[in-house]
Amino acid sequence: MTSNFLMRECRRTARNLQRFLDRDPSAPLSEDDRRRVEAHLKECEKCRTLSEEFQALHSSLSDLGSTLAPSDEAVDRVKAALDRALQAETGQP
Ligand SMILES: [Zn+2]
């Protein structure tokens, strides 16, 4: 396997990782994609580490959600940051 191939798989895996971990029913990964992510995680340490970090983040976020509701101010701040990020992404006001 060439490193070019592995790098392409890394990008592909990174794109699919969030959906892979979320198992979001509104945007499910195809069975093929899911298997591909799993196979890649087995052979690529970099993406495995990324995946573990994602999972740790997810579980700490859900821990926070169950014990501590965010303040309105914090929610507004996150929304504003998201809006700014989206505007930067799309160039739309
Ligand atoms: Zn990788």
# chains A, B, ... in the order shown; residues from 1 in each chain; ligands from 1
call {"tool": "residues_near_ligand", "arguments": {"ligand": "ligand 1", "cutoff": "9 Å", "atoms": "only C-alpha atoms and all ligand atoms", "output": "list of chain:residue names"}}
result
A:Leu6, A:Met7, A:Arg8, A:Glu9, A:Cys10, A:Arg11, A:Arg12, A:Thr13, A:Ala14, A:His40, A:Leu41, A:Glu43, A:Cys44, A:Glu45, A:Lys46, A:Cys47, A:Arg48, A:Leu50
call {"tool": "closest_residue", "arguments": {"among": "A:Ala74, A:Leu17, A:Ala80, A:Ala27", "to": "Ser51 in chain A", "atoms": "only C-alpha atoms"}}
result
A:Leu17
call {"tool": "residues_around", "arguments": {"residues": "Asp22 in chain A", "least_positions_apart": "2", "cutoff": "12 Å", "atoms": "only C-alpha atoms", "output": "list in words"}}
result
Asn16, Leu17, Gln18, Arg19, Phe20, Asp24, Pro25, Ser26, Ala27, Pro28, Leu29, Arg34, Ser51, Phe54, Gln55, Leu57, His58, Ser59 and Ser62 of chain A
call {"tool": "write_last_selection", "arguments": {"atoms": "C-alpha atoms", "output": "PDB file, in the first residue's frame"}}
result
ATOM      1  CA  ASN A  16     -16.735  10.244   7.763  1.00  0.00           C
ATOM      2  CA  LEU A  17     -15.500   9.903  11.320  1.00  0.00           C
ATOM      3  CA  GLN A  18     -17.982  12.239  12.942  1.00  0.00           C
ATOM      4  CA  ARG A  19     -20.925  10.489  11.329  1.00  0.00           C
ATOM      5  CA  PHE A  20     -19.347   7.143  12.082  1.00  0.00           C
ATOM      6  CA  ASP A  24     -26.623  10.017  13.290  1.00  0.00           C
ATOM      7  CA  PRO A  25     -29.847   8.433  12.021  1.00  0.00           C
ATOM      8  CA  SER A  26     -30.598  11.475   9.843  1.00  0.00           C
ATOM      9  CA  ALA A  27     -27.307  11.122   7.973  1.00  0.00           C
ATOM     10  CA  PRO A  28     -26.205   7.506   8.262  1.00  0.00           C
ATOM     11  CA  LEU A  29     -23.027   6.269   6.673  1.00  0.00           C
ATOM     12  CA  ARG A  34     -18.789   2.332   7.743  1.00  0.00           C
ATOM     13  CA  SER A  51     -11.173   8.662  16.667  1.00  0.00           C
ATOM     14  CA  PHE A  54     -13.422  12.345  19.174  1.00  0.00           C
ATOM     15  CA  GLN A  55     -14.998   9.730  21.401  1.00  0.00           C
ATOM     16  CA  LEU A  57     -14.814  14.670  23.486  1.00  0.00           C
ATOM     17  CA  HIS A  58     -18.246  13.230  22.771  1.00  0.00           C
ATOM     18  CA  SER A  59     -18.507  11.512  26.115  1.00  0.00           C
ATOM     19  CA  SER A  62     -22.646  14.310  27.044  1.00  0.00           C
TER      20      SER A  62
END
call {"tool": "atom_distance", "arguments": {"atom1": "CA of Asp33 in chain A", "atom2": "CA of Arg15 in chain A"}}
result
10.7 Å
call {"tool": "atom_distance", "arguments": {"atom1": "CA of Leu21 in chain A", "atom2": "CA of Ala56 in chain A"}}
result
10.9 Å
call {"tool": "select_by_dssp", "arguments": {"residues": "chain A", "states": "alpha helix (DSSP H)", "output": "short mmCIF file (atom, residue, chain, number, x, y, z; two decimals) with N, CA and C atoms, in the first residue's frame"}}
result
data_model
loop_
_atom_site.label_atom_id
_atom_site.label_comp_id
_atom_site.auth_asym_id
_atom_site.auth_seq_id
_atom_site.Cartn_x
_atom_site.Cartn_y
_atom_site.Cartn_z
N SER A 3 1.85 5.29 0.48
CA SER A 3 1.46 6.28 1.48
C SER A 3 0.43 7.25 0.90
N ASN A 4 0.48 7.46 -0.43
CA ASN A 4 -0.54 8.29 -1.05
C ASN A 4 -1.93 7.73 -0.84
N PHE A 5 -2.03 6.44 -1.03
CA PHE A 5 -3.32 5.78 -0.83
C PHE A 5 -3.77 5.96 0.60
N LEU A 6 -2.84 5.76 1.54
CA LEU A 6 -3.18 5.87 2.95
C LEU A 6 -3.64 7.29 3.27
N MET A 7 -2.95 8.29 2.70
CA MET A 7 -3.36 9.67 2.97
C MET A 7 -4.76 9.96 2.44
N ARG A 8 -5.07 9.41 1.27
CA ARG A 8 -6.42 9.61 0.74
C ARG A 8 -7.44 8.98 1.68
N GLU A 9 -7.11 7.81 2.18
CA GLU A 9 -8.01 7.13 3.10
C GLU A 9 -8.14 7.92 4.41
N CYS A 10 -7.06 8.56 4.84
CA CYS A 10 -7.11 9.37 6.06
C CYS A 10 -8.10 10.51 5.89
N ARG A 11 -8.00 11.19 4.73
CA ARG A 11 -8.93 12.30 4.52
C ARG A 11 -10.36 11.81 4.47
N ARG A 12 -10.55 10.71 3.77
CA ARG A 12 -11.89 10.14 3.65
C ARG A 12 -12.42 9.75 5.02
N THR A 13 -11.55 9.13 5.81
CA THR A 13 -11.95 8.69 7.15
C THR A 13 -12.28 9.88 8.03
N ALA A 14 -11.44 10.92 7.95
CA ALA A 14 -11.69 12.11 8.76
C ALA A 14 -13.06 12.71 8.42
N ARG A 15 -13.37 12.71 7.12
CA ARG A 15 -14.68 13.25 6.70
C ARG A 15 -15.83 12.43 7.27
N ASN A 16 -15.64 11.12 7.35
CA ASN A 16 -16.73 10.24 7.76
C ASN A 16 -16.75 9.95 9.25
N LEU A 17 -15.67 10.35 9.93
CA LEU A 17 -15.50 9.90 11.32
C LEU A 17 -16.62 10.40 12.24
N GLN A 18 -16.95 11.67 12.08
CA GLN A 18 -17.98 12.24 12.94
C GLN A 18 -19.30 11.47 12.80
N ARG A 19 -19.69 11.23 11.54
CA ARG A 19 -20.93 10.49 11.33
C ARG A 19 -20.80 9.06 11.80
N PHE A 20 -19.59 8.51 11.63
CA PHE A 20 -19.35 7.14 12.08
C PHE A 20 -19.55 7.03 13.59
N LEU A 21 -19.04 8.01 14.33
CA LEU A 21 -19.13 7.96 15.79
C LEU A 21 -20.51 8.37 16.30
N ASP A 22 -21.10 9.36 15.63
CA ASP A 22 -22.41 9.83 16.05
C ASP A 22 -23.50 8.81 15.79
N GLU A 31 -23.27 1.29 4.61
CA GLU A 31 -22.60 0.11 5.17
C GLU A 31 -21.16 0.03 4.65
N ASP A 32 -20.99 0.30 3.36
CA ASP A 32 -19.65 0.29 2.76
C ASP A 32 -18.71 1.28 3.43
N ASP A 33 -19.22 2.52 3.60
CA ASP A 33 -18.39 3.57 4.20
C ASP A 33 -18.03 3.22 5.63
N ARG A 34 -19.01 2.68 6.34
CA ARG A 34 -18.79 2.33 7.74
C ARG A 34 -17.69 1.27 7.86
N ARG A 35 -17.81 0.24 7.00
CA ARG A 35 -16.80 -0.82 7.01
C ARG A 35 -15.43 -0.27 6.63
N ARG A 36 -15.44 0.69 5.71
CA ARG A 36 -14.18 1.27 5.26
C ARG A 36 -13.51 2.06 6.38
N VAL A 37 -14.32 2.82 7.14
CA VAL A 37 -13.78 3.56 8.28
C VAL A 37 -13.21 2.58 9.30
N GLU A 38 -13.98 1.53 9.60
CA GLU A 38 -13.52 0.54 10.58
C GLU A 38 -12.20 -0.08 10.14
N ALA A 39 -12.13 -0.47 8.87
CA ALA A 39 -10.91 -1.10 8.36
C ALA A 39 -9.74 -0.13 8.44
N HIS A 40 -10.01 1.13 8.10
CA HIS A 40 -8.92 2.11 8.12
C HIS A 40 -8.44 2.36 9.55
N LEU A 41 -9.36 2.43 10.49
CA LEU A 41 -8.97 2.68 11.88
C LEU A 41 -8.07 1.55 12.40
N LYS A 42 -8.30 0.33 11.88
CA LYS A 42 -7.47 -0.79 12.32
C LYS A 42 -6.04 -0.65 11.84
N GLU A 43 -5.86 -0.05 10.64
CA GLU A 43 -4.51 -0.05 10.09
C GLU A 43 -3.80 1.29 10.22
N GLU A 45 -2.76 4.31 12.71
CA GLU A 45 -2.70 4.74 14.11
C GLU A 45 -3.15 6.19 14.27
N LYS A 46 -2.81 7.02 13.27
CA LYS A 46 -3.15 8.43 13.34
C LYS A 46 -4.67 8.62 13.45
N CYS A 47 -5.39 7.91 12.61
CA CYS A 47 -6.84 8.06 12.60
C CYS A 47 -7.47 7.38 13.81
N ARG A 48 -6.82 6.33 14.30
CA ARG A 48 -7.32 5.67 15.51
C ARG A 48 -7.25 6.65 16.68
N THR A 49 -6.11 7.35 16.78
CA THR A 49 -5.95 8.35 17.84
C THR A 49 -7.00 9.44 17.72
N LEU A 50 -7.20 9.91 16.48
CA LEU A 50 -8.20 10.94 16.22
C LEU A 50 -9.58 10.46 16.67
N SER A 51 -9.88 9.23 16.32
CA SER A 51 -11.17 8.66 16.67
C SER A 51 -11.36 8.57 18.18
N GLU A 52 -10.26 8.20 18.88
CA GLU A 52 -10.36 8.11 20.34
C GLU A 52 -10.57 9.49 20.95
N GLU A 53 -9.90 10.49 20.38
CA GLU A 53 -10.08 11.85 20.88
C GLU A 53 -11.52 12.33 20.65
N PHE A 54 -12.03 12.02 19.48
CA PHE A 54 -13.42 12.35 19.17
C PHE A 54 -14.35 11.72 20.21
N GLN A 55 -14.12 10.45 20.47
CA GLN A 55 -15.00 9.73 21.40
C GLN A 55 -14.90 10.32 22.80
N ALA A 56 -13.68 10.67 23.21
CA ALA A 56 -13.50 11.27 24.53
C ALA A 56 -14.24 12.59 24.61
N LEU A 57 -14.12 13.39 23.54
CA LEU A 57 -14.81 14.67 23.49
C LEU A 57 -16.33 14.47 23.57
N HIS A 58 -16.81 13.51 22.77
CA HIS A 58 -18.25 13.23 22.77
C HIS A 58 -18.74 12.86 24.16
N SER A 59 -18.00 11.97 24.83
CA SER A 59 -18.51 11.51 26.11
C SER A 59 -18.38 12.61 27.15
N SER A 60 -17.34 13.46 27.07
CA SER A 60 -17.26 14.54 28.05
C SER A 60 -18.36 15.56 27.78
N LEU A 61 -18.71 15.76 26.51
CA LEU A 61 -19.81 16.67 26.20
C LEU A 61 -21.13 16.13 26.73
N SER A 62 -21.36 14.82 26.57
CA SER A 62 -22.65 14.31 27.04
C SER A 62 -22.67 14.24 28.57
N ASP A 63 -21.50 14.04 29.20
CA ASP A 63 -21.43 14.13 30.67
C ASP A 63 -21.84 15.52 31.11
N LEU A 64 -21.26 16.52 30.46
CA LEU A 64 -21.58 17.90 30.79
C LEU A 64 -23.08 18.16 30.62
N GLY A 65 -23.62 17.66 29.51
CA GLY A 65 -25.02 17.90 29.21
C GLY A 65 -25.94 17.35 30.27
N SER A 66 -25.56 16.21 30.87
CA SER A 66 -26.46 15.58 31.83
C SER A 66 -26.33 16.20 33.22
N THR A 67 -25.20 16.83 33.52
CA THR A 67 -25.01 17.33 34.88
C THR A 67 -25.13 18.84 34.96
N ASP A 72 -27.48 30.59 29.17
CA ASP A 72 -27.94 31.22 27.93
C ASP A 72 -26.79 31.97 27.27
N GLU A 73 -25.98 32.58 28.09
CA GLU A 73 -24.86 33.35 27.55
C GLU A 73 -23.90 32.44 26.79
N ALA A 74 -23.61 31.28 27.35
CA ALA A 74 -22.70 30.35 26.69
C ALA A 74 -23.30 29.86 25.38
N VAL A 75 -24.61 29.57 25.39
CA VAL A 75 -25.28 29.11 24.17
C VAL A 75 -25.21 30.19 23.09
N ASP A 76 -25.49 31.46 23.50
CA ASP A 76 -25.42 32.56 22.54
C ASP A 76 -24.02 32.70 21.96
N ARG A 77 -23.02 32.54 22.82
CA ARG A 77 -21.64 32.69 22.37
C ARG A 77 -21.31 31.61 21.34
N VAL A 78 -21.74 30.39 21.60
CA VAL A 78 -21.47 29.29 20.67
C VAL A 78 -22.21 29.53 19.35
N LYS A 79 -23.48 29.98 19.46
CA LYS A 79 -24.25 30.26 18.24
C LYS A 79 -23.57 31.35 17.41
N ALA A 80 -23.12 32.41 18.08
CA ALA A 80 -22.46 33.49 17.37
C ALA A 80 -21.19 32.99 16.69
N ALA A 81 -20.44 32.15 17.39
CA ALA A 81 -19.20 31.62 16.81
C ALA A 81 -19.52 30.74 15.61
N LEU A 82 -20.59 29.94 15.71
CA LEU A 82 -21.00 29.09 14.60
C LEU A 82 -21.42 29.94 13.39
N ASP A 83 -22.20 30.99 13.68
CA ASP A 83 -22.63 31.89 12.60
C ASP A 83 -21.43 32.48 11.88
N ARG A 84 -20.45 32.94 12.69
CA ARG A 84 -19.27 33.54 12.07
C ARG A 84 -18.53 32.51 11.24
N ALA A 85 -18.42 31.28 11.75
CA ALA A 85 -17.70 30.24 11.01
C ALA A 85 -18.43 29.92 9.70
N LEU A 86 -19.77 29.86 9.77
CA LEU A 86 -20.56 29.58 8.56
C LEU A 86 -20.41 30.68 7.55
N GLN A 87 -20.44 31.94 8.03
CA GLN A 87 -20.28 33.06 7.12
C GLN A 87 -18.92 33.02 6.44
N ALA A 88 -17.89 32.69 7.22
CA ALA A 88 -16.55 32.61 6.65
C ALA A 88 -16.51 31.51 5.59
N GLU A 89 -17.23 30.42 5.86
CA GLU A 89 -17.23 29.27 4.95
C GLU A 89 -17.96 29.59 3.64
N THR A 90 -19.15 30.22 3.76
CA THR A 90 -19.99 30.40 2.57
C THR A 90 -19.82 31.77 1.94
#
